[in-house]
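Q: work-v7.pdb is the file, holding PDB, C-alpha atoms:
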```pdb
ATOM      1  CA  MET A 754       0.000   0.000   0.000  1.00  0.00           C
ATOM      2  CA  THR A 755       1.089   3.597  -0.502  1.00  0.00           C
ATOM      3  CA  PRO A 756       1.953   5.742   2.546  1.00  0.00           C
ATOM      4  CA  GLU A 757      -1.045   7.947   1.761  1.00  0.00           C
ATOM      5  CA  ALA A 758      -3.409   4.965   1.766  1.00  0.00           C
ATOM      6  CA  LEU A 759      -1.967   3.785   5.083  1.00  0.00           C
ATOM      7  CA  LEU A 760      -2.383   7.289   6.501  1.00  0.00           C
ATOM      8  CA  GLN A 761      -6.052   7.271   5.548  1.00  0.00           C
ATOM      9  CA  ILE A 762      -6.545   4.020   7.478  1.00  0.00           C
ATOM     10  CA  ALA A 763      -4.679   5.449  10.471  1.00  0.00           C
ATOM     11  CA  LEU A 764      -6.683   8.667  10.366  1.00  0.00           C
ATOM     12  CA  ASP A 765     -10.026   6.908  10.008  1.00  0.00           C
ATOM     13  CA  ALA A 766      -9.178   4.620  12.934  1.00  0.00           C
ATOM     14  CA  ALA A 767      -7.915   7.491  15.100  1.00  0.00           C
ATOM     15  CA  ASN A 768     -11.082   9.480  14.387  1.00  0.00           C
ATOM     16  CA  ILE A 769     -13.206   6.520  15.471  1.00  0.00           C
ATOM     17  CA  GLY A 770     -11.214   6.147  18.693  1.00  0.00           C
ATOM     18  CA  ALA A 771     -11.365   9.882  19.363  1.00  0.00           C
ATOM     19  CA  ALA A 772     -15.148   9.833  18.893  1.00  0.00           C
ATOM     20  CA  GLU A 773     -15.397   7.213  21.637  1.00  0.00           C
ATOM     21  CA  LEU A 774     -13.435   9.527  23.919  1.00  0.00           C
ATOM     22  CA  SER A 775     -15.452  12.614  23.019  1.00  0.00           C
ATOM     23  CA  SER A 776     -18.671  10.859  23.983  1.00  0.00           C
ATOM     24  CA  ARG A 777     -17.247  10.299  27.486  1.00  0.00           C
ATOM     25  CA  PHE A 778     -15.291  13.534  28.020  1.00  0.00           C
ATOM     26  CA  ARG A 779     -16.342  15.341  31.209  1.00  0.00           C
ATOM     27  CA  GLY A 780     -18.821  12.547  31.853  1.00  0.00           C
ATOM     28  CA  PRO A 781     -18.806   9.802  34.489  1.00  0.00           C
ATOM     29  CA  LEU A 782     -15.811   7.492  34.097  1.00  0.00           C
ATOM     30  CA  GLN A 783     -14.716   4.184  35.519  1.00  0.00           C
ATOM     31  CA  VAL A 784     -11.143   4.911  36.619  1.00  0.00           C
ATOM     32  CA  ASN A 785      -8.541   2.362  37.699  1.00  0.00           C
ATOM     33  CA  THR A 786      -4.798   2.679  38.283  1.00  0.00           C
ATOM     34  CA  LYS A 787      -1.853   0.824  36.770  1.00  0.00           C
ATOM     35  CA  THR A 788       1.739   1.489  37.893  1.00  0.00           C
ATOM     36  CA  SER A 789       0.934   4.191  40.474  1.00  0.00           C
ATOM     37  CA  VAL A 790      -1.947   6.176  41.946  1.00  0.00           C
ATOM     38  CA  ALA A 791      -1.503   8.758  39.149  1.00  0.00           C
ATOM     39  CA  ASP A 792      -1.235   6.229  36.279  1.00  0.00           C
ATOM     40  CA  TYR A 793      -4.862   5.969  35.219  1.00  0.00           C
ATOM     41  CA  VAL A 794      -6.754   3.713  32.858  1.00  0.00           C
ATOM     42  CA  THR A 795     -10.421   4.426  32.236  1.00  0.00           C
ATOM     43  CA  ASP A 796     -13.284   2.751  30.457  1.00  0.00           C
ATOM     44  CA  ALA A 797     -12.786   5.459  27.816  1.00  0.00           C
ATOM     45  CA  ASP A 798      -9.204   4.264  27.110  1.00  0.00           C
ATOM     46  CA  LEU A 799     -10.433   0.706  26.698  1.00  0.00           C
ATOM     47  CA  ALA A 800     -13.384   1.638  24.480  1.00  0.00           C
ATOM     48  CA  SER A 801     -11.170   3.796  22.272  1.00  0.00           C
ATOM     49  CA  GLU A 802      -8.522   1.136  21.734  1.00  0.00           C
ATOM     50  CA  THR A 803     -11.163  -1.517  21.055  1.00  0.00           C
ATOM     51  CA  ALA A 804     -12.698   0.727  18.397  1.00  0.00           C
ATOM     52  CA  VAL A 805      -9.346   1.615  16.809  1.00  0.00           C
ATOM     53  CA  ARG A 806      -8.276  -2.019  16.592  1.00  0.00           C
ATOM     54  CA  ALA A 807     -11.589  -3.003  15.025  1.00  0.00           C
ATOM     55  CA  ALA A 808     -11.306  -0.229  12.441  1.00  0.00           C
ATOM     56  CA  ILE A 809      -7.807  -1.342  11.422  1.00  0.00           C
ATOM     57  CA  ARG A 810      -8.762  -5.031  11.393  1.00  0.00           C
ATOM     58  CA  ALA A 811     -11.712  -4.298   9.107  1.00  0.00           C
ATOM     59  CA  VAL A 812      -9.323  -3.037   6.415  1.00  0.00           C
ATOM     60  CA  ARG A 813      -6.047  -4.841   7.236  1.00  0.00           C
ATOM     61  CA  PRO A 814      -7.113  -8.142   8.869  1.00  0.00           C
ATOM     62  CA  TYR A 815      -3.683  -9.790   8.725  1.00  0.00           C
ATOM     63  CA  ASP A 816      -1.477  -6.982  10.030  1.00  0.00           C
ATOM     64  CA  ALA A 817       0.146  -6.857  13.467  1.00  0.00           C
ATOM     65  CA  ILE A 818      -1.383  -4.496  16.033  1.00  0.00           C
ATOM     66  CA  THR A 819      -0.276  -3.333  19.455  1.00  0.00           C
ATOM     67  CA  GLY A 820      -1.465  -0.640  21.827  1.00  0.00           C
ATOM     68  CA  GLU A 821      -1.285   0.727  25.323  1.00  0.00           C
ATOM     69  CA  GLU A 822      -4.107  -1.212  26.914  1.00  0.00           C
ATOM     70  CA  PHE A 823      -4.311  -4.628  25.241  1.00  0.00           C
ATOM     71  CA  ALA A 824      -1.876  -7.369  24.258  1.00  0.00           C
ATOM     72  CA  ALA A 825      -0.158  -7.317  20.884  1.00  0.00           C
ATOM     73  CA  GLN A 826      -1.757  -9.256  18.045  1.00  0.00           C
ATOM     74  CA  GLU A 827       0.960 -10.634  15.804  1.00  0.00           C
ATOM     75  CA  GLY A 828      -1.074 -11.117  12.643  1.00  0.00           C
ATOM     76  CA  GLN A 829      -0.532 -13.933  10.143  1.00  0.00           C
ATOM     77  CA  ASP A 830       1.616 -12.914   7.167  1.00  0.00           C
ATOM     78  CA  ALA A 831       1.591  -9.345   8.481  1.00  0.00           C
ATOM     79  CA  GLU A 832       2.952  -6.681   6.146  1.00  0.00           C
ATOM     80  CA  TYR A 833       2.412  -3.717   8.456  1.00  0.00           C
ATOM     81  CA  TYR A 834       2.578  -3.091  12.192  1.00  0.00           C
ATOM     82  CA  TRP A 835       0.164  -0.646  13.861  1.00  0.00           C
ATOM     83  CA  SER A 836       0.857   1.061  17.195  1.00  0.00           C
ATOM     84  CA  ILE A 837      -2.051   2.678  19.055  1.00  0.00           C
ATOM     85  CA  ASP A 838      -2.289   5.124  21.920  1.00  0.00           C
ATOM     86  CA  PRO A 839      -6.051   5.215  22.468  1.00  0.00           C
ATOM     87  CA  LEU A 840      -5.873   8.114  24.916  1.00  0.00           C
ATOM     88  CA  ASP A 841      -2.678  10.146  25.047  1.00  0.00           C
ATOM     89  CA  GLY A 842      -3.136  12.416  28.067  1.00  0.00           C
ATOM     90  CA  THR A 843      -5.341  10.265  30.291  1.00  0.00           C
ATOM     91  CA  VAL A 844      -4.784  12.442  33.369  1.00  0.00           C
ATOM     92  CA  ASN A 845      -5.776  15.514  31.355  1.00  0.00           C
ATOM     93  CA  PHE A 846      -8.885  13.679  30.159  1.00  0.00           C
ATOM     94  CA  THR A 847      -9.975  12.660  33.654  1.00  0.00           C
ATOM     95  CA  CYS A 848      -9.455  16.237  34.896  1.00  0.00           C
ATOM     96  CA  GLY A 849     -11.476  17.806  32.067  1.00  0.00           C
ATOM     97  CA  PHE A 850      -8.428  19.409  30.446  1.00  0.00           C
ATOM     98  CA  PRO A 851      -8.656  19.366  26.619  1.00  0.00           C
ATOM     99  CA  ASN A 852      -5.060  18.335  25.796  1.00  0.00           C
ATOM    100  CA  TRP A 853      -5.628  14.677  24.887  1.00  0.00           C
ATOM    101  CA  ALA A 854      -5.637  12.697  21.687  1.00  0.00           C
ATOM    102  CA  THR A 855      -5.907   9.348  19.967  1.00  0.00           C
ATOM    103  CA  SER A 856      -2.725   8.392  18.149  1.00  0.00           C
ATOM    104  CA  VAL A 857      -2.152   5.737  15.453  1.00  0.00           C
ATOM    105  CA  GLY A 858       1.184   5.028  13.764  1.00  0.00           C
ATOM    106  CA  VAL A 859       2.083   2.378  11.200  1.00  0.00           C
ATOM    107  CA  LYS A 860       5.391   0.718  10.296  1.00  0.00           C
ATOM    108  CA  HIS A 861       6.381  -1.370   7.269  1.00  0.00           C
ATOM    109  CA  ILE A 862       7.628  -4.581   8.849  1.00  0.00           C
ATOM    110  CA  ALA A 863      10.103  -5.632   6.138  1.00  0.00           C
ATOM    111  CA  THR A 864      11.980  -2.315   6.134  1.00  0.00           C
ATOM    112  CA  GLY A 865      11.328  -1.272   9.748  1.00  0.00           C
ATOM    113  CA  GLU A 866      10.314   2.170   8.469  1.00  0.00           C
ATOM    114  CA  TRP A 867       7.513   4.130  10.135  1.00  0.00           C
ATOM    115  CA  VAL A 868       5.455   5.354   7.193  1.00  0.00           C
ATOM    116  CA  ALA A 869       2.363   7.162   8.471  1.00  0.00           C
ATOM    117  CA  GLY A 870       0.817   8.645  11.576  1.00  0.00           C
ATOM    118  CA  ALA A 871      -2.319  10.425  12.739  1.00  0.00           C
ATOM    119  CA  VAL A 872      -2.879  12.258  16.035  1.00  0.00           C
ATOM    120  CA  VAL A 873      -6.475  13.383  16.608  1.00  0.00           C
ATOM    121  CA  ALA A 874      -7.299  15.839  19.424  1.00  0.00           C
ATOM    122  CA  PRO A 875     -11.060  16.502  19.150  1.00  0.00           C
ATOM    123  CA  ALA A 876     -11.453  18.687  22.249  1.00  0.00           C
ATOM    124  CA  MET A 877      -8.849  21.021  20.716  1.00  0.00           C
ATOM    125  CA  GLY A 878     -10.405  20.858  17.248  1.00  0.00           C
ATOM    126  CA  LEU A 879      -7.031  19.702  15.956  1.00  0.00           C
ATOM    127  CA  THR A 880      -5.608  16.831  13.924  1.00  0.00           C
ATOM    128  CA  TYR A 881      -2.000  16.181  12.880  1.00  0.00           C
ATOM    129  CA  VAL A 882      -1.172  13.814  10.021  1.00  0.00           C
ATOM    130  CA  ALA A 883       1.829  12.724   7.964  1.00  0.00           C
ATOM    131  CA  SER A 884       2.827  10.036   5.495  1.00  0.00           C
ATOM    132  CA  LYS A 885       6.311   9.257   4.270  1.00  0.00           C
ATOM    133  CA  GLY A 886       7.341  11.615   1.500  1.00  0.00           C
ATOM    134  CA  HIS A 887       4.141  13.684   1.590  1.00  0.00           C
ATOM    135  CA  GLY A 888       4.815  16.193   4.361  1.00  0.00           C
ATOM    136  CA  ALA A 889       3.220  16.851   7.745  1.00  0.00           C
ATOM    137  CA  TRP A 890      -0.023  18.731   8.197  1.00  0.00           C
ATOM    138  CA  ALA A 891      -2.181  20.297  10.895  1.00  0.00           C
ATOM    139  CA  ILE A 892      -5.928  20.261  10.285  1.00  0.00           C
ATOM    140  CA  ARG A 893      -8.282  22.681  12.023  1.00  0.00           C
ATOM    141  CA  GLY A 894     -11.783  22.443  10.626  1.00  0.00           C
ATOM    142  CA  GLU A 895     -11.538  23.118   6.920  1.00  0.00           C
ATOM    143  CA  ASN A 896      -8.041  24.592   7.214  1.00  0.00           C
ATOM    144  CA  ARG A 897      -5.058  22.380   6.375  1.00  0.00           C
ATOM    145  CA  THR A 898      -1.591  23.787   7.051  1.00  0.00           C
ATOM    146  CA  GLN A 899       1.733  22.199   6.159  1.00  0.00           C
ATOM    147  CA  LEU A 900       4.238  21.981   9.015  1.00  0.00           C
ATOM    148  CA  PHE A 901       7.915  22.912   8.832  1.00  0.00           C
ATOM    149  CA  GLY A 902       9.062  22.919  12.451  1.00  0.00           C
ATOM    150  CA  PRO A 903      10.219  25.878  14.568  1.00  0.00           C
ATOM    151  CA  ASP A 904      12.141  28.943  13.420  1.00  0.00           C
ATOM    152  CA  ALA A 905      15.809  28.024  13.830  1.00  0.00           C
ATOM    153  CA  ASN A 906      16.680  31.671  14.465  1.00  0.00           C
ATOM    154  CA  ARG A 907      14.214  32.180  17.294  1.00  0.00           C
ATOM    155  CA  ALA A 908      16.137  33.452  20.301  1.00  0.00           C
ATOM    156  CA  ALA A 909      13.608  32.557  23.007  1.00  0.00           C
ATOM    157  CA  LYS A 910      13.569  28.776  22.789  1.00  0.00           C
ATOM    158  CA  ILE A 911      11.087  26.550  24.645  1.00  0.00           C
ATOM    159  CA  ILE A 912      11.464  22.897  25.618  1.00  0.00           C
ATOM    160  CA  ALA A 913       8.584  20.506  26.235  1.00  0.00           C
ATOM    161  CA  THR A 914       8.887  17.463  28.445  1.00  0.00           C
ATOM    162  CA  GLY A 915       6.989  15.140  30.757  1.00  0.00           C
ATOM    163  CA  PHE A 916       7.590  13.276  33.978  1.00  0.00           C
ATOM    164  CA  SER A 917       7.318   9.734  35.277  1.00  0.00           C
ATOM    165  CA  TYR A 918       4.445   8.407  37.339  1.00  0.00           C
ATOM    166  CA  GLN A 919       7.129   7.168  39.777  1.00  0.00           C
ATOM    167  CA  ALA A 920       8.244   9.760  42.348  1.00  0.00           C
ATOM    168  CA  HIS A 921      11.911   8.708  42.495  1.00  0.00           C
ATOM    169  CA  GLU A 922      12.179   8.902  38.695  1.00  0.00           C
ATOM    170  CA  ARG A 923      10.643  12.376  38.683  1.00  0.00           C
ATOM    171  CA  VAL A 924      13.429  13.612  40.957  1.00  0.00           C
ATOM    172  CA  ASP A 925      16.060  12.449  38.453  1.00  0.00           C
ATOM    173  CA  GLN A 926      14.109  13.981  35.570  1.00  0.00           C
ATOM    174  CA  PHE A 927      13.868  17.357  37.290  1.00  0.00           C
ATOM    175  CA  GLU A 928      17.600  17.316  37.986  1.00  0.00           C
ATOM    176  CA  ALA A 929      18.345  16.574  34.332  1.00  0.00           C
ATOM    177  CA  LEU A 930      15.987  19.352  33.246  1.00  0.00           C
ATOM    178  CA  THR A 931      17.718  21.952  35.419  1.00  0.00           C
ATOM    179  CA  LYS A 932      20.969  21.283  33.547  1.00  0.00           C
ATOM    180  CA  MET A 933      19.235  21.684  30.181  1.00  0.00           C
ATOM    181  CA  MET A 934      17.377  24.896  31.049  1.00  0.00           C
ATOM    182  CA  VAL A 935      20.458  27.060  30.478  1.00  0.00           C
ATOM    183  CA  ASP A 936      19.581  26.790  26.760  1.00  0.00           C
ATOM    184  CA  PHE A 937      15.852  27.537  27.088  1.00  0.00           C
ATOM    185  CA  VAL A 938      13.781  30.447  28.362  1.00  0.00           C
ATOM    186  CA  ASP A 939      10.856  28.284  29.453  1.00  0.00           C
ATOM    187  CA  VAL A 940       9.464  24.760  29.701  1.00  0.00           C
ATOM    188  CA  ARG A 941       6.079  23.346  28.750  1.00  0.00           C
ATOM    189  CA  ARG A 942       4.511  20.338  30.458  1.00  0.00           C
ATOM    190  CA  MET A 943       1.138  19.758  28.792  1.00  0.00           C
ATOM    191  CA  GLY A 944       0.549  16.120  29.656  1.00  0.00           C
ATOM    192  CA  ALA A 945       0.261  14.482  26.230  1.00  0.00           C
ATOM    193  CA  ALA A 946       3.511  13.333  24.649  1.00  0.00           C
ATOM    194  CA  ALA A 947       2.247  12.988  21.062  1.00  0.00           C
ATOM    195  CA  LEU A 948       0.759  16.489  21.135  1.00  0.00           C
ATOM    196  CA  ASP A 949       4.041  17.884  22.498  1.00  0.00           C
ATOM    197  CA  MET A 950       5.942  16.336  19.602  1.00  0.00           C
ATOM    198  CA  CYS A 951       3.403  17.624  17.109  1.00  0.00           C
ATOM    199  CA  ALA A 952       3.753  21.100  18.634  1.00  0.00           C
ATOM    200  CA  VAL A 953       7.446  20.978  17.744  1.00  0.00           C
ATOM    201  CA  ALA A 954       6.495  19.944  14.200  1.00  0.00           C
ATOM    202  CA  GLU A 955       4.150  22.928  14.067  1.00  0.00           C
ATOM    203  CA  GLY A 956       6.839  25.274  15.393  1.00  0.00           C
ATOM    204  CA  SER A 957       5.112  26.268  18.650  1.00  0.00           C
ATOM    205  CA  ILE A 958       7.850  24.545  20.675  1.00  0.00           C
ATOM    206  CA  ASP A 959      11.531  24.177  19.816  1.00  0.00           C
ATOM    207  CA  VAL A 960      12.451  20.825  21.393  1.00  0.00           C
ATOM    208  CA  TYR A 961      10.724  17.829  22.940  1.00  0.00           C
ATOM    209  CA  PHE A 962      12.766  15.653  25.314  1.00  0.00           C
ATOM    210  CA  GLU A 963      11.429  12.944  27.616  1.00  0.00           C
ATOM    211  CA  ALA A 964      12.761   9.709  29.077  1.00  0.00           C
ATOM    212  CA  GLY A 965      10.628   6.692  29.818  1.00  0.00           C
ATOM    213  CA  ILE A 966       7.848   6.985  27.254  1.00  0.00           C
ATOM    214  CA  LYS A 967       6.582   4.015  25.279  1.00  0.00           C
ATOM    215  CA  GLU A 968       6.389   3.247  21.563  1.00  0.00           C
ATOM    216  CA  TYR A 969       2.682   4.000  21.332  1.00  0.00           C
ATOM    217  CA  ASP A 970       3.439   7.530  22.646  1.00  0.00           C
ATOM    218  CA  TRP A 971       5.784   8.396  19.766  1.00  0.00           C
ATOM    219  CA  ALA A 972       4.830   6.018  16.917  1.00  0.00           C
ATOM    220  CA  ALA A 973       2.600   8.466  15.029  1.00  0.00           C
ATOM    221  CA  ALA A 974       3.987  11.787  16.245  1.00  0.00           C
ATOM    222  CA  MET A 975       7.570  11.090  15.214  1.00  0.00           C
ATOM    223  CA  VAL A 976       6.486  10.425  11.626  1.00  0.00           C
ATOM    224  CA  ILE A 977       4.792  13.830  11.726  1.00  0.00           C
ATOM    225  CA  ALA A 978       7.935  15.457  13.137  1.00  0.00           C
ATOM    226  CA  GLU A 979      10.186  13.831  10.525  1.00  0.00           C
ATOM    227  CA  GLU A 980       7.935  14.923   7.696  1.00  0.00           C
ATOM    228  CA  ALA A 981       8.083  18.473   9.107  1.00  0.00           C
ATOM    229  CA  GLY A 982      11.857  18.347   8.582  1.00  0.00           C
ATOM    230  CA  LEU A 983      12.918  17.571  12.150  1.00  0.00           C
ATOM    231  CA  GLN A 984      15.250  14.923  13.518  1.00  0.00           C
ATOM    232  CA  VAL A 985      13.900  12.369  15.962  1.00  0.00           C
ATOM    233  CA  HIS A 986      15.438   9.905  18.367  1.00  0.00           C
ATOM    234  CA  ARG A 987      13.228   6.880  18.918  1.00  0.00           C
ATOM    235  CA  PRO A 988      13.964   5.240  22.288  1.00  0.00           C
ATOM    236  CA  GLU A 989      15.683   1.870  22.110  1.00  0.00           C
ATOM    237  CA  PHE A 990      15.532   0.908  25.803  1.00  0.00           C
ATOM    238  CA  PRO A 991      13.346   1.924  28.791  1.00  0.00           C
ATOM    239  CA  ARG A 992      15.241   5.012  30.034  1.00  0.00           C
ATOM    240  CA  ASP A 993      16.438   6.121  26.606  1.00  0.00           C
ATOM    241  CA  PRO A 994      14.932   9.561  25.924  1.00  0.00           C
ATOM    242  CA  ALA A 995      12.586  10.385  23.096  1.00  0.00           C
ATOM    243  CA  ILE A 996      13.777  13.541  21.325  1.00  0.00           C
ATOM    244  CA  VAL A 997      12.312  15.761  18.625  1.00  0.00           C
ATOM    245  CA  ALA A 998      14.548  18.635  17.569  1.00  0.00           C
ATOM    246  CA  ALA A 999      16.329  20.262  14.661  1.00  0.00           C
ATOM    247  CA  ASP A1000      19.506  18.544  15.882  1.00  0.00           C
ATOM    248  CA  VAL A1001      19.060  15.653  18.302  1.00  0.00           C
ATOM    249  CA  SER A1002      22.841  15.291  18.755  1.00  0.00           C
ATOM    250  CA  LEU A1003      22.758  18.367  21.004  1.00  0.00           C
ATOM    251  CA  PHE A1004      20.893  16.318  23.617  1.00  0.00           C
ATOM    252  CA  SER A1005      23.009  13.170  23.669  1.00  0.00           C
TER     253      SER A1005
END
```
How would this structure read if it were set down as structure tokens?
A:
Amino acid sequence: MTPEALLQIALDAANIGAAELSSRFRGPLQVNTKTSVADYVTDADLASETAVRAAIRAVRPYDAITGEEFAAQEGQDAEYYWSIDPLDGTVNFTCGFPNWATSVGVKHIATGEWVAGAVVAPAMGLTYVASKGHGAWAIRGENRTQLFGPDANRAAKIIATGFSYQAHERVDQFEALTKMMVDFVDVRRMGAAALDMCAVAEGSIDVYFEAGIKEYDWAAAMVIAEEAGLQVHRPEFPRDPAIVAADVSLFS
């Protein structure tokens, strides 16, 4: 399939998952915890991922699928691998804050290349999309804007990051951030990793840096960042940081 065709599947699936979330936003939720008292999973997360998986399976029944909430499905004779974050920004969602999204990325298994991604944030009226070789785009209503990353000459640079659900890890992350802040005038912590990365692609933020995030957090957003002309560092082990920047080597 072409990258554009794969993007359409990802976008359709992400829209379906986001619709499940929208129907529950600021409504009663069933909330449980995972790794800590602040690491939530809700019935909205589960409904969204179920819907996204079903949408992908309806079109690509033999592909491999994984996501945040359910076990990976290997797929027989799989050609593509789909990675789903059904609700990026769960804490925001449970608190009624609009920075949350459904994220779907897809990789070509034979080459290992991530080829398309969609990040849908309905409470913000915002969608980000990209497919390999066709650029990155922000969609607001009927307006579609191509993304080219931040202004390299901007003097007042901003970094976006996030922090672990584990208290002892947060201490280390804050210490690392204090050393980095000499190069930035401010920091943004908005609670949804994919949206932070997309904000760099859009040029609102200069750098995204965060240790400890998972594949489903970056799978779609890093395709969008790359297609906006940015470099990305995809984590290869648990504490390896995810980075989106004009030059990721500055943060090694």
Q: Evaluate the PyMOL selection byres ((chain A and resi 822) around 8) and record the selected residues as a ChimeraX atom specification, following the chain and residue labels used in the document.
A: /A:798-799,802,820-821,823-824
Q: The PyMOL selection byres ((chain A and resi 840-842) around 6) - which residues does that actually catch in the file I just gave you? List them as a list of chain:residue names.
A: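 Output from the PyMOL selection byres ((chain A and resi 840-842) around 6), applied to this file: A:Asp798, A:Asp838, A:Pro839, A:Thr843, A:Val844, A:Asn845, A:Trp853, A:Ala854, A:Thr855, A:Gly944, A:Ala945.
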Q: Skipping near chain neighbours, those fewer than 5 positions away, what residues fall within 9 Å of A:Ile958 using all atoms listed in the file, listed as a list in words?
A: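 My reading of the contact set: Gly902, Pro903, Lys910, Ile911, Ile912, Ala913, Arg941, Asp949, Met950, Cys951, Ala952 and Val953 of chain A.
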Q: I'd like the contact shell of stretch 922-926 of chain A - 9 Å cut-off, all atoms listed in the file, skipping same-chain residues fewer than 6 positions apart - returned as a ChimeraX atom specification.
A: /A:915-916,963-964
Q: Report as a PyMOL selection string the full result of the PyMOL selection byres ((chain A and resi 765) around 12) when it is applied to this structure.
A: chain A and resi 758-764+766-772+804-809+811-812+855-858+870-873+880+882
Q: Please write out, as AutoDock Vina command-line options, where the centre of an axis-aligned box around all listed atoms of stretch 898-916 of chain A lies and how long its edges are, in Å to one decimal, after adding 5 Å on each side.
A:
```
--center_x 7.5 --center_y 23.4 --center_z 20.1 --size_x 28.3 --size_y 30.2 --size_z 37.8
```
Q: Please, what distance in Å, to one decimal, runs between atom CA of A:Ser775 and atom CA of A:Val794?
A: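 Atom CA of A:Val794 lies 15.9 Å from atom CA of A:Ser775.
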Q: At most 9 Å from (-9.2, 21.0, 20.7), file frame, all atoms listed in the file: which residues, as a PyMOL selection string?
A: chain A and resi 851-853+874-880+893
Q: How many Å lie between atom CA of A:Ile837 and atom CA of A:Ala883, rounded to one decimal?
A: 15.5 Å
Q: Please work out which residues fall within 12 Å of (18.3, 18.4, 22.4), coordinates as given in the file, with only C-alpha atoms counting, and return them as a count of residues only.
A: 32
Q: Choose the residue, out of A:Arg942, A:Arg813, A:Arg777, A:Arg907, that has the smallest atom-to-atom separation from A:Ser801; count only C-alpha atoms.
A: A:Arg777
